[in-house]
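Below is one structure; the comments refer to it alone.
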There are 2 protein chains.
Amino acid sequence: MNYTTLSQRIETAGHGLCVGLDPDPAKLPAGTDLASFCIGIIDATVHVAIAYKPNFAFFEALGRPGWDALDAVTSHLRTLSQKPLLIADAKRGDIGNTASRYAQGILQVMGYDAITVAPYMGRDSVEPFLRDGKWVVGLGLTSNPGADDLQQLALLDGRRVYEAVADAYLQWGSPENLMVVAGATRPEALGALRDRMPDTFFLVPGVGAQGGSAAEVVRHGSFRGKPGMGLLINASRSIMYASSGRDWQAAAATAAEDLAREIQTAYRG
Amino acid sequence: MNYTTLSQRIETAGHGLCVGLDPDPAKLPAGTDLASFCIGIIDATVHVAIAYKPNFAFFEALGRPGWDALDAVTSHLRTLSQKPLLIADAKRGDIGNTASRYAQGILQVMGYDAITVAPYMGRDSVEPFLRDGKWVVGLGLTSNPGADDLQQLALLDGRRVYEAVADAYLQWGSPENLMVVAGATRPEALGALRDRMPDTFFLVPGVGAQGGSAAEVVRHGSFRGKPGMGLLINASRSIMYASSGRDWQAAAATAAEDLAREIQTAYRG
């Protein structure tokens with residue numbers, strides 16, 4: 001999905017809701033397994049989701065059966081008539097030779113549109129993922145407690161490390177093929193990052209279970225003068241585990257619709 | 001394998017040779033597949049290798065058949081009577097919740113002794129991998145061309161980013177459970193890192209195909225006053241692809257023995 005199509009979809013929907021798939025074996029509703037639970041969540045939310053983001057770790061944690069489940073979920077995602085953006089949350093980062101292998105496996109063989117990538121190894125760890133019609137989603141400013149440890153360190157030239165990473169992303173890729181992970185839990189920093197990257201899509205985790213506010217994200221993180229645009233806002237746990245009872249699919253649908261409406265309100269507000 | 005045992009093995013062998021397993025489908029010797037090629041390399045080098053490091057990307061690139069091959073290679077590594085250190089070169093890095101999943105999958109289910117981890121997300125992306133009897137191998141100063149882009153940036157406090165990362169690793173873990181990736185291609189920087197981390201094992205890529213010299217690595221990177229100690233020196237391509245002919249196993253054995261001897265010579269002077 002290219003930049004224009006993604007922008008149009010978000011504008012039409014009034015939100016860029018991304019549903020994260022982080023299936024926890026300890027929280028599966030009765031009668032489901034990893035794959036059928038994820039597929040059930042997808043089917044319950046596909047009328048509203050703009051993107052899906054399976055978190056590879058939750059599948060890989062189980063070894064082979066987990067990969068079987070990821071395969072089944074990926075196949076299901078690829079057959080959806082709505083054609084949502086498919087983001088592989090795999091946070092790969094390695095040198096050229098090796099990065100090309102990951103890119104091949106995840107973007108070509110598995111068929112994802114986008115992959116999350118870590119920047120620590122530099123340009124040649126990111127460039128192999130820049131492929132026609134595909135997206136790199138580079139870690140920028142994350143929403144976890146440890147984000148400060150490295151990302152917020154002050155550089156001699158006045159920038160923070162995450163700002164230097166943002167500047168590098170703009171050199172390595174372009175807004176047409178590289179988006180950035182920017183956490184919801186610090187709206188002001190999100191705004192500073194937006195000033196630095198005016199046309200770059202942000203994938204924003206941290207809304208919902210992690211405490212970020214969708215309204216604040218829209219206010220600080222949107223393209224300037226275009227509220228709600230330029231943002232894929234991800235929620236995982238608050239949708240997947242909205243109910244542990246027999247109504248888990250209906251509850252997930254409602255949670256997704258509620259979050260979409262919350263973003264729309266901030267957007268159209 | 002704990003710190004004392006690993007130290008003793010390196011001291012007894014006179015080298016810490018790590019054989020990297022980066023199987024390229026385009027370079028398989030006739031009559032082999034991904035798994036049988038890797039197993040053949042393992043069997044040809046197990047009399048000399050202290051550690052093995054499968055590069056997960058090369059397996060994941062193929063999707064499911066690649067995972068089948070990684071499974072077979074992992075099973076073979078786990079049954080070796082020599083009990084080498086098994087390093088999963090997976091370069092995972094994610095937040096606590098997710099990192100725990102990767103740690104579970106790779107260190108517990110797959111049974112690796114160690115896993116390479118990226119530091120960009122901070123403390124809570126590394127700590128979940130610190131488990132009893134296991135090792136984190138944190139990216140420090142890598143040997144690829146893009147390493148300068150972020151790792152060498154100058155901080156306001158006088159350190160480089162990679163030095164701040166090294167200091168953080170010493171806080172997050174200890175020399176008993178955390179080693180650091182330190183590239184062979186810049187021996188002086190390796191020496192500076194050794195001054196900063198006197199007791200920490202370094203996993204050193206970049207010898208051989210990437211142009212680093214084993215003698216220089218030993219001179220600059222060893223524990224001070226203990227030449228050759230504190231180093232796992234990795235070679236992948238120069239061993240795996242020593243010959244593309246029918247003698248590929250014999251050639252791999254010779255390449256591994258030659259590199260081990262080169263390290264021993266530098267070590268024993």
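If you're wondering about the labels, chains in the structure tokens are A, B, ... by order shown, residues count from 1 in each chain, ligands from 1 in order shown.
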
Can you pull out every residue within 12 Å of Thr98 in chain A, counting only C-alpha atoms, but drop anything in the same chain fewer than 4 positions away, and send it as a ChimeraX atom specification?
/A:92-94,102-105,121,124-129 /B:21-24,54-61,89-91,144

Just N, CA and C atoms for this one: save the residues we selected as an mmCIF file, in the first residue's frame.
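Result went into again_29.cif, see below:
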```cif
data_model
loop_
_atom_site.group_PDB
_atom_site.id
_atom_site.type_symbol
_atom_site.label_atom_id
_atom_site.label_comp_id
_atom_site.auth_asym_id
_atom_site.auth_seq_id
_atom_site.Cartn_x
_atom_site.Cartn_y
_atom_site.Cartn_z
ATOM 1 N N ARG A 92 13.469 -6.372 13.607
ATOM 2 C CA ARG A 92 14.735 -6.905 13.136
ATOM 3 C C ARG A 92 15.736 -5.766 12.964
ATOM 4 N N GLY A 93 16.989 -6.095 13.102
ATOM 5 C CA GLY A 93 18.047 -5.129 12.857
ATOM 6 C C GLY A 93 19.350 -5.876 12.733
ATOM 7 N N ASP A 94 19.910 -5.882 11.567
ATOM 8 C CA ASP A 94 21.163 -6.608 11.371
ATOM 9 C C ASP A 94 21.855 -6.043 10.145
ATOM 10 N N TYR A 102 16.224 -11.243 6.246
ATOM 11 C CA TYR A 102 14.989 -10.973 6.989
ATOM 12 C C TYR A 102 13.955 -10.314 6.070
ATOM 13 N N ALA A 103 14.426 -9.358 5.266
ATOM 14 C CA ALA A 103 13.510 -8.653 4.359
ATOM 15 C C ALA A 103 12.864 -9.643 3.399
ATOM 16 N N GLN A 104 13.675 -10.525 2.853
ATOM 17 C CA GLN A 104 13.186 -11.538 1.931
ATOM 18 C C GLN A 104 12.113 -12.401 2.608
ATOM 19 N N GLY A 105 12.425 -12.881 3.808
ATOM 20 C CA GLY A 105 11.521 -13.799 4.503
ATOM 21 C C GLY A 105 10.201 -13.142 4.870
ATOM 22 N N MET A 121 22.408 -0.524 14.358
ATOM 23 C CA MET A 121 23.525 -0.891 13.483
ATOM 24 C C MET A 121 23.687 0.041 12.282
ATOM 25 N N ASP A 124 23.128 0.503 6.866
ATOM 26 C CA ASP A 124 23.065 -0.766 6.138
ATOM 27 C C ASP A 124 22.221 -1.819 6.851
ATOM 28 N N SER A 125 21.716 -1.488 8.042
ATOM 29 C CA SER A 125 20.780 -2.396 8.696
ATOM 30 C C SER A 125 19.331 -2.030 8.349
ATOM 31 N N VAL A 126 19.121 -0.881 7.759
ATOM 32 C CA VAL A 126 17.770 -0.420 7.427
ATOM 33 C C VAL A 126 17.510 -0.485 5.921
ATOM 34 N N GLU A 127 18.506 -0.090 5.137
ATOM 35 C CA GLU A 127 18.297 0.004 3.683
ATOM 36 C C GLU A 127 17.809 -1.281 3.012
ATOM 37 N N PRO A 128 18.273 -2.475 3.446
ATOM 38 C CA PRO A 128 17.805 -3.680 2.742
ATOM 39 C C PRO A 128 16.295 -3.900 2.855
ATOM 40 N N PHE A 129 15.667 -3.222 3.828
ATOM 41 C CA PHE A 129 14.221 -3.388 3.993
ATOM 42 C C PHE A 129 13.430 -2.413 3.124
ATOM 43 N N LEU B 21 26.922 -19.897 11.694
ATOM 44 C CA LEU B 21 26.181 -20.689 10.703
ATOM 45 C C LEU B 21 25.232 -19.763 9.945
ATOM 46 N N ASP B 22 25.681 -19.297 8.783
ATOM 47 C CA ASP B 22 24.920 -18.371 7.928
ATOM 48 C C ASP B 22 24.679 -19.061 6.588
ATOM 49 N N PRO B 23 23.811 -20.051 6.528
ATOM 50 C CA PRO B 23 23.698 -20.848 5.307
ATOM 51 C C PRO B 23 22.984 -20.101 4.180
ATOM 52 N N ASP B 24 23.665 -19.944 3.084
ATOM 53 C CA ASP B 24 23.136 -19.247 1.913
ATOM 54 C C ASP B 24 22.648 -20.288 0.906
ATOM 55 N N PRO B 54 24.247 -19.922 15.082
ATOM 56 C CA PRO B 54 23.348 -19.862 13.919
ATOM 57 C C PRO B 54 22.768 -18.453 13.772
ATOM 58 N N ASN B 55 22.796 -17.958 12.564
ATOM 59 C CA ASN B 55 22.241 -16.651 12.252
ATOM 60 C C ASN B 55 20.793 -16.858 11.813
ATOM 61 N N PHE B 56 19.875 -16.513 12.705
ATOM 62 C CA PHE B 56 18.473 -16.854 12.484
ATOM 63 C C PHE B 56 17.921 -16.307 11.167
ATOM 64 N N ALA B 57 18.437 -15.154 10.739
ATOM 65 C CA ALA B 57 17.910 -14.526 9.518
ATOM 66 C C ALA B 57 18.019 -15.439 8.313
ATOM 67 N N PHE B 58 19.129 -16.161 8.236
ATOM 68 C CA PHE B 58 19.350 -17.001 7.060
ATOM 69 C C PHE B 58 18.347 -18.150 7.003
ATOM 70 N N PHE B 59 17.812 -18.524 8.136
ATOM 71 C CA PHE B 59 16.795 -19.572 8.177
ATOM 72 C C PHE B 59 15.403 -18.954 7.971
ATOM 73 N N GLU B 60 15.147 -17.860 8.693
ATOM 74 C CA GLU B 60 13.832 -17.220 8.606
ATOM 75 C C GLU B 60 13.542 -16.724 7.196
ATOM 76 N N ALA B 61 14.608 -16.419 6.444
ATOM 77 C CA ALA B 61 14.433 -15.907 5.081
ATOM 78 C C ALA B 61 13.616 -16.856 4.228
ATOM 79 N N ASP B 89 21.916 -16.079 17.142
ATOM 80 C CA ASP B 89 22.149 -14.740 16.609
ATOM 81 C C ASP B 89 20.848 -14.239 16.019
ATOM 82 N N ALA B 90 20.024 -13.693 16.892
ATOM 83 C CA ALA B 90 18.663 -13.328 16.512
ATOM 84 C C ALA B 90 18.435 -11.830 16.655
ATOM 85 N N LYS B 91 19.333 -11.145 17.331
ATOM 86 C CA LYS B 91 19.313 -9.684 17.521
ATOM 87 C C LYS B 91 17.926 -9.170 17.877
ATOM 88 N N ASN B 144 30.053 -3.410 10.901
ATOM 89 C CA ASN B 144 29.498 -3.079 9.571
ATOM 90 C C ASN B 144 29.735 -1.606 9.232
#
```

Near-Asp157 in chain A list (10 Å; only C-alpha atoms; drop same-chain fewer than 2 positions) as a ChimeraX atom specification
/A:154-155,159-160,164 /B:153-156

Close residues, Ala184 in chain A itself excluded, 7 Å, only C-alpha atoms, min 5 positions apart in chain, as a list in words:
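That gives Ser143, Val204, Pro205, Gly206, Val207, Gly212, Ser213 and Val217 of chain A.
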
Taking 5 positions as the minimum chain separation for residues in the same chain, which residues sit within 12 Å of Ala266 in chain A when counting only C-alpha atoms? Answer as a ChimeraX atom specification.
/A:14-15,213-222,226-229,259-261

Have a look at B:Tyr267, B:Trp67, B:Trp248, B:Phe37 and name the one nearest to chain A; count only C-alpha atoms.
B:Trp67
